[in-house]
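Asker: Okay, so here is target_20.cif, and as you'll see once you scroll down, it has mmCIF, C-alpha atoms; chains and numbers go by the auth columns.
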```cif
data_upload
#
loop_
_atom_site.group_PDB
_atom_site.id
_atom_site.type_symbol
_atom_site.label_atom_id
_atom_site.label_comp_id
_atom_site.label_asym_id
_atom_site.label_seq_id
_atom_site.Cartn_x
_atom_site.Cartn_y
_atom_site.Cartn_z
_atom_site.B_iso_or_equiv
_atom_site.auth_seq_id
_atom_site.auth_asym_id
ATOM 1 C CA MET A 1 17.658 145.700 99.311 0.00 1 K
ATOM 2 C CA LYS A 2 20.871 147.415 98.270 0.00 2 K
ATOM 3 C CA ALA A 3 22.564 147.518 94.874 0.00 3 K
ATOM 4 C CA TYR A 4 25.402 149.067 92.941 0.00 4 K
ATOM 5 C CA GLY A 5 24.907 151.060 89.752 0.00 5 K
ATOM 6 C CA TYR A 6 27.252 150.851 86.771 0.00 6 K
ATOM 7 C CA ILE A 7 27.655 153.571 84.130 0.00 7 K
ATOM 8 C CA ARG A 8 29.877 153.556 81.045 0.00 8 K
ATOM 9 C CA VAL A 9 30.403 156.215 78.408 0.00 9 K
ATOM 10 C CA SER A 10 32.847 155.494 75.623 0.00 10 K
ATOM 11 C CA GLY A 11 33.942 158.873 74.245 0.00 11 K
ATOM 12 C CA GLN A 12 35.020 162.276 75.516 0.00 12 K
ATOM 13 C CA GLY A 13 31.988 163.864 73.897 0.00 13 K
ATOM 14 C CA GLN A 14 29.736 161.494 75.839 0.00 14 K
ATOM 15 C CA VAL A 15 31.615 162.211 79.079 0.00 15 K
ATOM 16 C CA GLU A 16 30.799 165.912 78.671 0.00 16 K
ATOM 17 C CA GLY A 17 27.298 165.223 77.304 0.00 17 K
ATOM 18 C CA ASP A 18 24.150 163.930 78.969 0.00 18 K
ATOM 19 C CA GLY A 19 25.031 160.211 78.761 0.00 19 K
ATOM 20 C CA PRO A 20 26.219 159.810 82.372 0.00 20 K
ATOM 21 C CA VAL A 21 23.300 161.872 83.706 0.00 21 K
ATOM 22 C CA ARG A 22 20.762 159.923 81.637 0.00 22 K
ATOM 23 C CA GLN A 23 22.160 156.585 82.767 0.00 23 K
ATOM 24 C CA GLU A 24 22.228 157.587 86.439 0.00 24 K
ATOM 25 C CA GLU A 25 18.665 158.914 86.291 0.00 25 K
ATOM 26 C CA ALA A 26 17.484 155.639 84.724 0.00 26 K
ATOM 27 C CA ILE A 27 19.276 153.557 87.362 0.00 27 K
ATOM 28 C CA ARG A 28 18.047 155.616 90.308 0.00 28 K
ATOM 29 C CA GLY A 29 14.537 155.804 88.864 0.00 29 K
ATOM 30 C CA TYR A 30 14.350 152.004 88.582 0.00 30 K
ATOM 31 C CA ALA A 31 15.783 151.606 92.098 0.00 31 K
ATOM 32 C CA ASP A 32 13.260 154.039 93.629 0.00 32 K
ATOM 33 C CA LYS A 33 10.360 152.329 91.863 0.00 33 K
ATOM 34 C CA HIS A 34 11.388 148.900 93.169 0.00 34 K
ATOM 35 C CA GLY A 35 12.451 149.888 96.693 0.00 35 K
ATOM 36 C CA ILE A 36 16.172 149.408 96.060 0.00 36 K
ATOM 37 C CA SER A 37 18.837 151.561 97.727 0.00 37 K
ATOM 38 C CA ILE A 38 21.818 152.452 95.502 0.00 38 K
ATOM 39 C CA GLU A 39 24.898 152.106 97.689 0.00 39 K
ATOM 40 C CA LYS A 40 27.359 153.350 95.073 0.00 40 K
ATOM 41 C CA ILE A 41 27.530 154.047 91.349 0.00 41 K
ATOM 42 C CA TYR A 42 30.657 152.904 89.529 0.00 42 K
ATOM 43 C CA ARG A 43 31.373 155.083 86.527 0.00 43 K
ATOM 44 C CA GLU A 44 33.594 154.360 83.535 0.00 44 K
ATOM 45 C CA ASP A 45 34.447 157.575 81.652 0.00 45 K
ATOM 46 C CA GLY A 46 35.682 157.654 78.090 0.00 46 K
ATOM 47 C CA VAL A 47 36.509 153.950 77.717 0.00 47 K
ATOM 48 C CA SER A 48 35.601 151.485 75.005 0.00 48 K
ATOM 49 C CA GLY A 49 33.523 148.380 75.576 0.00 49 K
ATOM 50 C CA THR A 50 36.508 146.038 75.667 0.00 50 K
ATOM 51 C CA LEU A 51 37.899 144.592 78.886 0.00 51 K
ATOM 52 C CA GLU A 52 41.346 146.162 78.469 0.00 52 K
ATOM 53 C CA HIS A 53 40.778 149.402 80.411 0.00 53 K
ATOM 54 C CA ARG A 54 37.813 148.995 82.744 0.00 54 K
ATOM 55 C CA PRO A 55 39.012 150.022 86.242 0.00 55 K
ATOM 56 C CA ALA A 56 35.519 150.825 87.549 0.00 56 K
ATOM 57 C CA LEU A 57 34.158 147.437 86.407 0.00 57 K
ATOM 58 C CA ALA A 58 37.085 145.665 88.088 0.00 58 K
ATOM 59 C CA GLN A 59 36.587 147.632 91.322 0.00 59 K
ATOM 60 C CA MET A 60 32.877 146.822 91.328 0.00 60 K
ATOM 61 C CA MET A 61 33.480 143.094 90.805 0.00 61 K
ATOM 62 C CA VAL A 62 35.986 143.059 93.670 0.00 62 K
ATOM 63 C CA ALA A 63 33.469 144.865 95.909 0.00 63 K
ATOM 64 C CA LEU A 64 30.801 142.303 94.985 0.00 64 K
ATOM 65 C CA GLU A 65 33.115 139.374 95.655 0.00 65 K
ATOM 66 C CA GLN A 66 34.283 140.765 99.002 0.00 66 K
ATOM 67 C CA ASN A 67 30.626 141.492 99.812 0.00 67 K
ATOM 68 C CA GLY A 68 31.461 144.039 102.502 0.00 68 K
ATOM 69 C CA HIS A 69 28.037 145.695 102.233 0.00 69 K
ATOM 70 C CA GLY A 70 26.041 142.540 101.612 0.00 70 K
ATOM 71 C CA ILE A 71 25.374 143.620 98.031 0.00 71 K
ATOM 72 C CA LYS A 72 24.881 141.091 95.230 0.00 72 K
ATOM 73 C CA THR A 73 22.935 143.191 92.718 0.00 73 K
ATOM 74 C CA VAL A 74 24.032 145.617 89.974 0.00 74 K
ATOM 75 C CA ILE A 75 21.719 147.868 87.960 0.00 75 K
ATOM 76 C CA ILE A 76 22.649 149.162 84.487 0.00 76 K
ATOM 77 C CA GLU A 77 20.700 151.288 82.016 0.00 77 K
ATOM 78 C CA LYS A 78 21.124 148.919 79.045 0.00 78 K
ATOM 79 C CA VAL A 79 23.066 145.750 78.387 0.00 79 K
ATOM 80 C CA ASP A 80 25.347 147.553 75.913 0.00 80 K
ATOM 81 C CA ARG A 81 26.635 149.673 78.824 0.00 81 K
ATOM 82 C CA LEU A 82 28.369 146.505 79.982 0.00 82 K
ATOM 83 C CA ALA A 83 29.905 146.273 76.510 0.00 83 K
ATOM 84 C CA ARG A 84 28.827 146.645 72.900 0.00 84 K
ATOM 85 C CA ASP A 85 30.867 143.639 71.849 0.00 85 K
ATOM 86 C CA PHE A 86 28.657 140.559 72.182 0.00 86 K
ATOM 87 C CA MET A 87 31.426 138.240 73.376 0.00 87 K
ATOM 88 C CA VAL A 88 32.496 140.710 76.075 0.00 88 K
ATOM 89 C CA GLN A 89 28.863 141.014 77.186 0.00 89 K
ATOM 90 C CA GLU A 90 28.554 137.260 77.509 0.00 90 K
ATOM 91 C CA ALA A 91 31.847 137.003 79.411 0.00 91 K
ATOM 92 C CA ILE A 92 30.692 139.571 81.975 0.00 92 K
ATOM 93 C CA ILE A 93 27.215 138.033 82.282 0.00 93 K
ATOM 94 C CA ARG A 94 28.760 134.590 82.729 0.00 94 K
ATOM 95 C CA ASP A 95 30.974 136.001 85.498 0.00 95 K
ATOM 96 C CA PHE A 96 27.910 137.390 87.280 0.00 96 K
ATOM 97 C CA ARG A 97 26.049 134.108 86.992 0.00 97 K
ATOM 98 C CA LYS A 98 29.032 132.066 88.186 0.00 98 K
ATOM 99 C CA ASN A 99 29.357 134.175 91.341 0.00 99 K
ATOM 100 C CA GLY A 100 25.636 134.266 92.118 0.00 100 K
ATOM 101 C CA PHE A 101 25.257 138.009 91.483 0.00 101 K
ATOM 102 C CA GLU A 102 22.120 139.614 90.064 0.00 102 K
ATOM 103 C CA LEU A 103 22.284 141.940 87.057 0.00 103 K
ATOM 104 C CA ILE A 104 19.315 144.181 86.250 0.00 104 K
ATOM 105 C CA SER A 105 18.979 146.186 83.051 0.00 105 K
ATOM 106 C CA VAL A 106 16.493 149.054 83.222 0.00 106 K
ATOM 107 C CA CYS A 107 15.661 148.652 79.522 0.00 107 K
ATOM 108 C CA GLU A 108 15.877 144.867 79.118 0.00 108 K
ATOM 109 C CA GLY A 109 14.581 143.754 82.525 0.00 109 K
ATOM 110 C CA ASP A 110 15.879 141.687 85.432 0.00 110 K
ATOM 111 C CA GLU A 111 16.264 138.335 83.688 0.00 111 K
ATOM 112 C CA LEU A 112 19.536 138.861 81.825 0.00 112 K
ATOM 113 C CA LEU A 113 21.177 136.075 83.801 0.00 113 K
ATOM 114 C CA GLU A 114 18.426 133.516 83.224 0.00 114 K
ATOM 115 C CA ASN A 115 19.494 130.419 81.326 0.00 115 K
ATOM 116 C CA ASP A 116 16.181 129.599 79.654 0.00 116 K
ATOM 117 C CA PRO A 117 16.476 129.422 75.835 0.00 117 K
ATOM 118 C CA SER A 118 14.197 132.410 75.162 0.00 118 K
ATOM 119 C CA ARG A 119 16.096 134.807 77.443 0.00 119 K
ATOM 120 C CA LYS A 120 19.445 133.562 76.153 0.00 120 K
ATOM 121 C CA LEU A 121 18.312 134.089 72.539 0.00 121 K
ATOM 122 C CA ILE A 122 17.070 137.626 73.318 0.00 122 K
ATOM 123 C CA ARG A 123 20.326 138.468 75.109 0.00 123 K
ATOM 124 C CA GLN A 124 22.337 137.207 72.169 0.00 124 K
ATOM 125 C CA MET A 125 20.200 139.176 69.705 0.00 125 K
ATOM 126 C CA LEU A 126 20.654 142.354 71.753 0.00 126 K
ATOM 127 C CA GLY A 127 24.390 141.767 71.802 0.00 127 K
ATOM 128 C CA VAL A 128 24.587 141.178 68.058 0.00 128 K
ATOM 129 C CA ILE A 129 22.543 144.333 67.369 0.00 129 K
ATOM 130 C CA ALA A 130 24.778 146.423 69.637 0.00 130 K
ATOM 131 C CA GLU A 131 27.857 144.969 67.949 0.00 131 K
ATOM 132 C CA TYR A 132 26.383 145.791 64.525 0.00 132 K
ATOM 133 C CA ASP A 133 25.654 149.361 65.646 0.00 133 K
ATOM 134 C CA LYS A 134 29.228 149.788 66.851 0.00 134 K
ATOM 135 C CA ASP A 135 30.748 148.414 63.634 0.00 135 K
ATOM 136 C CA MET A 136 28.392 150.446 61.451 0.00 136 K
ATOM 137 C CA THR A 137 29.245 153.631 63.355 0.00 137 K
ATOM 138 C CA VAL A 138 32.946 152.996 62.732 0.00 138 K
ATOM 139 C CA LEU A 139 32.309 152.337 59.038 0.00 139 K
ATOM 140 C CA LYS A 140 30.205 155.492 58.625 0.00 140 K
ATOM 141 C CA LEU A 141 32.788 157.653 60.375 0.00 141 K
ATOM 142 C CA ARG A 142 35.499 156.187 58.154 0.00 142 K
ATOM 143 C CA ALA A 143 33.416 156.813 55.024 0.00 143 K
ATOM 144 C CA ALA A 144 32.756 160.394 56.123 0.00 144 K
ATOM 145 C CA ARG A 145 36.479 161.003 56.673 0.00 145 K
ATOM 146 C CA GLU A 146 37.336 159.533 53.264 0.00 146 K
ATOM 147 C CA ARG A 147 34.677 161.661 51.552 0.00 147 K
ATOM 148 C CA LYS A 148 35.983 164.791 53.280 0.00 148 K
ATOM 149 C CA ARG A 149 39.543 163.872 52.351 0.00 149 K
ATOM 150 C CA ALA A 150 38.529 163.379 48.707 0.00 150 K
ATOM 151 C CA ARG A 151 36.708 166.717 48.675 0.00 151 K
ATOM 152 C CA ASP A 152 39.164 168.877 50.632 0.00 152 K
ATOM 153 C CA GLY A 153 42.408 166.959 50.217 0.00 153 K
ATOM 154 C CA LYS A 154 42.685 166.467 53.972 0.00 154 K
ATOM 155 C CA CYS A 155 40.652 165.390 56.963 0.00 155 K
ATOM 156 C CA GLU A 156 41.463 166.698 60.390 0.00 156 K
ATOM 157 C CA GLY A 157 40.410 164.808 63.471 0.00 157 K
ATOM 158 C CA ARG A 158 38.934 166.376 66.564 0.00 158 K
ATOM 159 C CA LYS A 159 41.217 169.090 67.866 0.00 159 K
ATOM 160 C CA THR A 160 42.477 168.898 71.431 0.00 160 K
ATOM 161 C CA TYR A 161 41.914 171.478 74.155 0.00 161 K
ATOM 162 C CA GLU A 162 45.569 172.470 73.704 0.00 162 K
ATOM 163 C CA GLU A 163 44.820 173.375 70.075 0.00 163 K
ATOM 164 C CA THR A 164 41.474 175.094 70.572 0.00 164 K
ATOM 165 C CA MET A 165 41.683 176.561 74.078 0.00 165 K
ATOM 166 C CA PRO A 166 45.345 177.069 75.040 0.00 166 K
ATOM 167 C CA GLU A 167 44.482 179.860 77.500 0.00 167 K
ATOM 168 C CA LEU A 168 42.211 177.469 79.376 0.00 168 K
ATOM 169 C CA ILE A 169 44.938 174.817 79.574 0.00 169 K
ATOM 170 C CA ALA A 170 47.330 177.417 80.981 0.00 170 K
ATOM 171 C CA GLU A 171 44.724 178.415 83.570 0.00 171 K
ATOM 172 C CA ILE A 172 44.130 174.801 84.640 0.00 172 K
ATOM 173 C CA LYS A 173 47.862 174.122 84.971 0.00 173 K
ATOM 174 C CA LYS A 174 48.263 177.318 86.974 0.00 174 K
ATOM 175 C CA LEU A 175 45.482 176.294 89.351 0.00 175 K
ATOM 176 C CA ARG A 176 46.939 172.808 89.744 0.00 176 K
ATOM 177 C CA ARG A 177 50.447 174.105 90.468 0.00 177 K
ATOM 178 C CA LYS A 178 51.390 173.407 94.087 0.00 178 K
ATOM 179 C CA PRO A 179 51.930 176.670 95.993 0.00 179 K
ATOM 180 C CA LYS A 180 54.924 176.892 98.270 0.00 180 K
ATOM 181 C CA GLY A 181 53.955 175.800 101.755 0.00 181 K
ATOM 182 C CA ALA A 182 50.406 174.855 100.755 0.00 182 K
ATOM 183 C CA ARG A 183 48.607 171.882 99.265 0.00 183 K
ATOM 184 C CA ARG A 184 47.782 171.460 95.597 0.00 184 K
ATOM 185 C CA MET A 185 44.178 172.095 94.515 0.00 185 K
ATOM 186 C CA THR A 186 42.213 168.935 93.778 0.00 186 K
ATOM 187 C CA HIS A 187 40.628 168.322 90.371 0.00 187 K
ATOM 188 C CA ARG A 188 37.234 169.087 91.927 0.00 188 K
ATOM 189 C CA GLU A 189 38.464 172.390 93.358 0.00 189 K
ATOM 190 C CA VAL A 190 39.953 173.334 89.987 0.00 190 K
ATOM 191 C CA ALA A 191 36.620 172.544 88.292 0.00 191 K
ATOM 192 C CA GLU A 192 34.730 174.674 90.824 0.00 192 K
ATOM 193 C CA GLU A 193 37.143 177.594 90.304 0.00 193 K
ATOM 194 C CA LEU A 194 36.795 177.357 86.505 0.00 194 K
ATOM 195 C CA ASN A 195 33.008 177.347 86.797 0.00 195 K
ATOM 196 C CA HIS A 196 33.150 180.296 89.215 0.00 196 K
ATOM 197 C CA LYS A 197 35.166 182.248 86.640 0.00 197 K
ATOM 198 C CA GLY A 198 32.611 181.443 83.930 0.00 198 K
ATOM 199 C CA HIS A 199 34.684 179.003 81.876 0.00 199 K
ATOM 200 C CA LYS A 200 32.842 176.341 79.862 0.00 200 K
ATOM 201 C CA THR A 201 33.886 173.102 78.171 0.00 201 K
ATOM 202 C CA ARG A 202 33.908 172.761 74.386 0.00 202 K
ATOM 203 C CA LEU A 203 30.317 171.550 74.655 0.00 203 K
ATOM 204 C CA LYS A 204 29.365 174.635 76.700 0.00 204 K
ATOM 205 C CA LYS A 205 28.973 172.568 79.873 0.00 205 K
ATOM 206 C CA GLU A 206 30.270 173.226 83.368 0.00 206 K
ATOM 207 C CA PHE A 207 33.521 171.553 84.375 0.00 207 K
ATOM 208 C CA THR A 208 33.679 168.503 86.632 0.00 208 K
ATOM 209 C CA ALA A 209 36.609 166.894 88.396 0.00 209 K
ATOM 210 C CA GLN A 210 36.613 164.083 85.819 0.00 210 K
ATOM 211 C CA ILE A 211 36.728 166.489 82.872 0.00 211 K
ATOM 212 C CA VAL A 212 39.664 168.389 84.412 0.00 212 K
ATOM 213 C CA GLN A 213 41.485 165.117 85.024 0.00 213 K
ATOM 214 C CA ASN A 214 40.860 163.956 81.435 0.00 214 K
ATOM 215 C CA ILE A 215 42.147 167.253 80.029 0.00 215 K
ATOM 216 C CA LEU A 216 45.393 166.960 82.016 0.00 216 K
ATOM 217 C CA ARG A 217 46.108 163.386 80.945 0.00 217 K
#
```
What would you get if you wrote out this structure as structure tokens?

Answerer:
Amino acid sequence: MKAYGYIRVSGQGQVEGDGPVRQEEAIRGYADKHGISIEKIYREDGVSGTLEHRPALAQMMVALEQNGHGIKTVIIEKVDRLARDFMVQEAIIRDFRKNGFELISVCEGDELLENDPSRKLIRQMLGVIAEYDKDMTVLKLRAARERKRARDGKCEGRKTYEETMPELIAEIKKLRRKPKGARRMTHREVAEELNHKGHKTRLKKEFTAQIVQNILR
């Protein structure tokens, strides 16, 4: 049996953190335990749980519908990796069910698409809890900013790489510049060169092609 994996991280800090690694390990661990071969993992970096900017999800759904590899199963770490918003979760799950695809959550099990009342109630409860967590996180961040503003008279947001590491940005742009008569370095090659020179991200991690691409956006 073959399957796709789907990973989503919603913020730049998560992209550079252990979220993607943790999700992939959970997906591959489940697949190995159940004799499933992961054909490809679709990864959404630094996007919210809405459906507005989800290129990897769209590409995966097209691949499932075209069925070129005979795959009809997707494994995720948790249902909130589909989306934290309950209504978006239900829309995606309904799309899976309508097309006869199977969706397996490592944490919640392989019955997310079942229509029996108990499973539907559990799925809805999980969605509501995830939505509450998202809204509460936003409220707490807002309260923290307002408290800092009241105390200090200002509240600065997260600084960009341009503000904190301008020398690094200059180095990346230099590496990406197309030499005369030669090809431009890829994002992966730039990341490898930065790592070779001992550069680290703001979170003291090694660079990846995706991080370089995000920095240059």

Asker: Need the shell around K:Gly109: protein/DNA/RNA residues with any atom at most 10 Å away, counting only C-alpha atoms. Skip same-chain ones fewer than 6 positions apart. Format as a list in words?

Answerer: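 That gives Ile75, Ile76, Glu77, Lys78, Val79 and Leu103 of chain K.
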
Asker: Between K:Leu194, K:Leu139, K:Leu64, K:Ala56, which has the minimum distance to K:Ala170 (counting all atoms listed in the file)?

Answerer: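 Nearest candidate to K:Ala170 out of K:Leu194, K:Leu139, K:Leu64, K:Ala56: K:Leu194.
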
Asker: So what do you get for atom CA of K:Tyr4 versus atom CA of K:Ala209, distance-wise?

Answerer: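 Rounded to one decimal, the two atoms are 21.5 Å apart.
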
Asker: Quick one: which residues end up in the PyMOL selection byres ((chain K and resi 125-134) around 10) for this structure, as JSON, numbers by chain?

Answerer: {"K": [49, 78, 79, 80, 81, 83, 84, 85, 86, 87, 88, 89, 90, 108, 119, 120, 121, 122, 123, 124, 135, 136, 137, 138, 139]}

Asker: Mind telling me what the PyMOL selection byres ((chain K and resi 174) around 12) catches here, as a list in words?

Answerer: Glu167, Leu168, Ile169, Ala170, Glu171, Ile172, Lys173, Leu175, Arg176, Arg177, Lys178, Pro179, Arg184, Met185, Val190, Glu193, Leu194 and Leu216 of chain K

Asker: Given the choices K:Asp45, K:Val62, K:Ala31, K:Gly198, which gets closest to K:Ile211 if the distance is worked out from only C-alpha atoms?

Answerer: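 Under the stated criterion, the closest residue is K:Asp45.
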
Asker: What is the atom CA of K:Arg202 to atom CA of K:Lys148 distance in Å?

Answerer: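 So the two atoms, atom CA of K:Arg202 and atom CA of K:Lys148, lie 22.7 Å apart.
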
Asker: Apply the PyMOL selection byres ((chain K and resi 101) around 10) to the displayed file and report the matching residues as a ChimeraX atom specification.

Answerer: /K:61,64-65,71-74,93,95-100,102-103,113

Asker: Which of these, K:Ala91, K:Ile41, K:Ala3, K:Leu57, has the shortest distance to K:Pro20 once you count all atoms listed in the file?

Answerer: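 Nearest to K:Pro20: K:Ile41.
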
Asker: Between atom CA of K:Phe207 and atom CA of K:Asn195, what is the distance in Å, rounded to a tenth?

Answerer: 6.3 Å

Asker: Extract stretch 44-96 of chain K from the coordinates I pasted, and write it as a tab-separated table (two decimals), in the first residue's frame (atoms kept: C-alpha atoms).

Answerer:
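The new file selection_32.tsv reads:
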```
chain	number	residue	atom	x	y	z
K	44	GLU	CA	3.27	23.57	3.41
K	45	ASP	CA	5.77	26.02	4.93
K	46	GLY	CA	4.79	29.13	6.82
K	47	VAL	CA	1.11	29.24	5.81
K	48	SER	CA	-2.00	29.66	7.90
K	49	GLY	CA	-4.75	27.08	8.16
K	50	THR	CA	-7.05	28.85	5.72
K	51	LEU	CA	-7.55	27.69	2.14
K	52	GLU	CA	-6.27	30.92	0.58
K	53	HIS	CA	-2.59	29.98	0.16
K	54	ARG	CA	-2.22	26.20	0.22
K	55	PRO	CA	-0.27	25.23	-2.94
K	56	ALA	CA	0.98	21.92	-1.53
K	57	LEU	CA	-2.55	20.86	-0.51
K	58	ALA	CA	-3.85	21.74	-3.98
K	59	GLN	CA	-1.02	19.82	-5.67
K	60	MET	CA	-1.68	16.78	-3.49
K	61	MET	CA	-5.42	16.80	-4.24
K	62	VAL	CA	-4.70	17.00	-7.97
K	63	ALA	CA	-2.25	14.08	-7.67
K	64	LEU	CA	-4.89	12.05	-5.82
K	65	GLU	CA	-7.57	12.84	-8.39
K	66	GLN	CA	-5.30	12.01	-11.34
K	67	ASN	CA	-4.27	8.85	-9.47
K	68	GLY	CA	-1.08	8.40	-11.48
K	69	HIS	CA	0.53	6.25	-8.77
K	70	GLY	CA	-2.61	4.44	-7.68
K	71	ILE	CA	-2.59	6.30	-4.37
K	72	LYS	CA	-5.80	7.09	-2.49
K	73	THR	CA	-4.46	7.53	1.05
K	74	VAL	CA	-2.96	10.52	2.89
K	75	ILE	CA	-1.32	10.41	6.32
K	76	ILE	CA	-1.11	13.48	8.58
K	77	GLU	CA	0.27	13.90	12.10
K	78	LYS	CA	-2.87	15.53	13.56
K	79	VAL	CA	-6.15	16.77	12.16
K	80	ASP	CA	-5.20	20.39	12.93
K	81	ARG	CA	-2.37	20.07	10.38
K	82	LEU	CA	-5.12	20.06	7.76
K	83	ALA	CA	-6.39	23.29	9.33
K	84	ARG	CA	-7.04	24.70	12.78
K	85	ASP	CA	-10.28	26.29	11.65
K	86	PHE	CA	-13.07	23.76	12.17
K	87	MET	CA	-15.03	24.70	9.05
K	88	VAL	CA	-11.92	24.41	6.87
K	89	GLN	CA	-11.20	21.00	8.41
K	90	GLU	CA	-14.69	19.80	7.60
K	91	ALA	CA	-14.48	21.14	4.04
K	92	ILE	CA	-11.25	19.23	3.38
K	93	ILE	CA	-12.53	16.05	5.05
K	94	ARG	CA	-15.74	16.27	3.03
K	95	ASP	CA	-13.66	16.60	-0.15
K	96	PHE	CA	-11.73	13.45	0.75
```
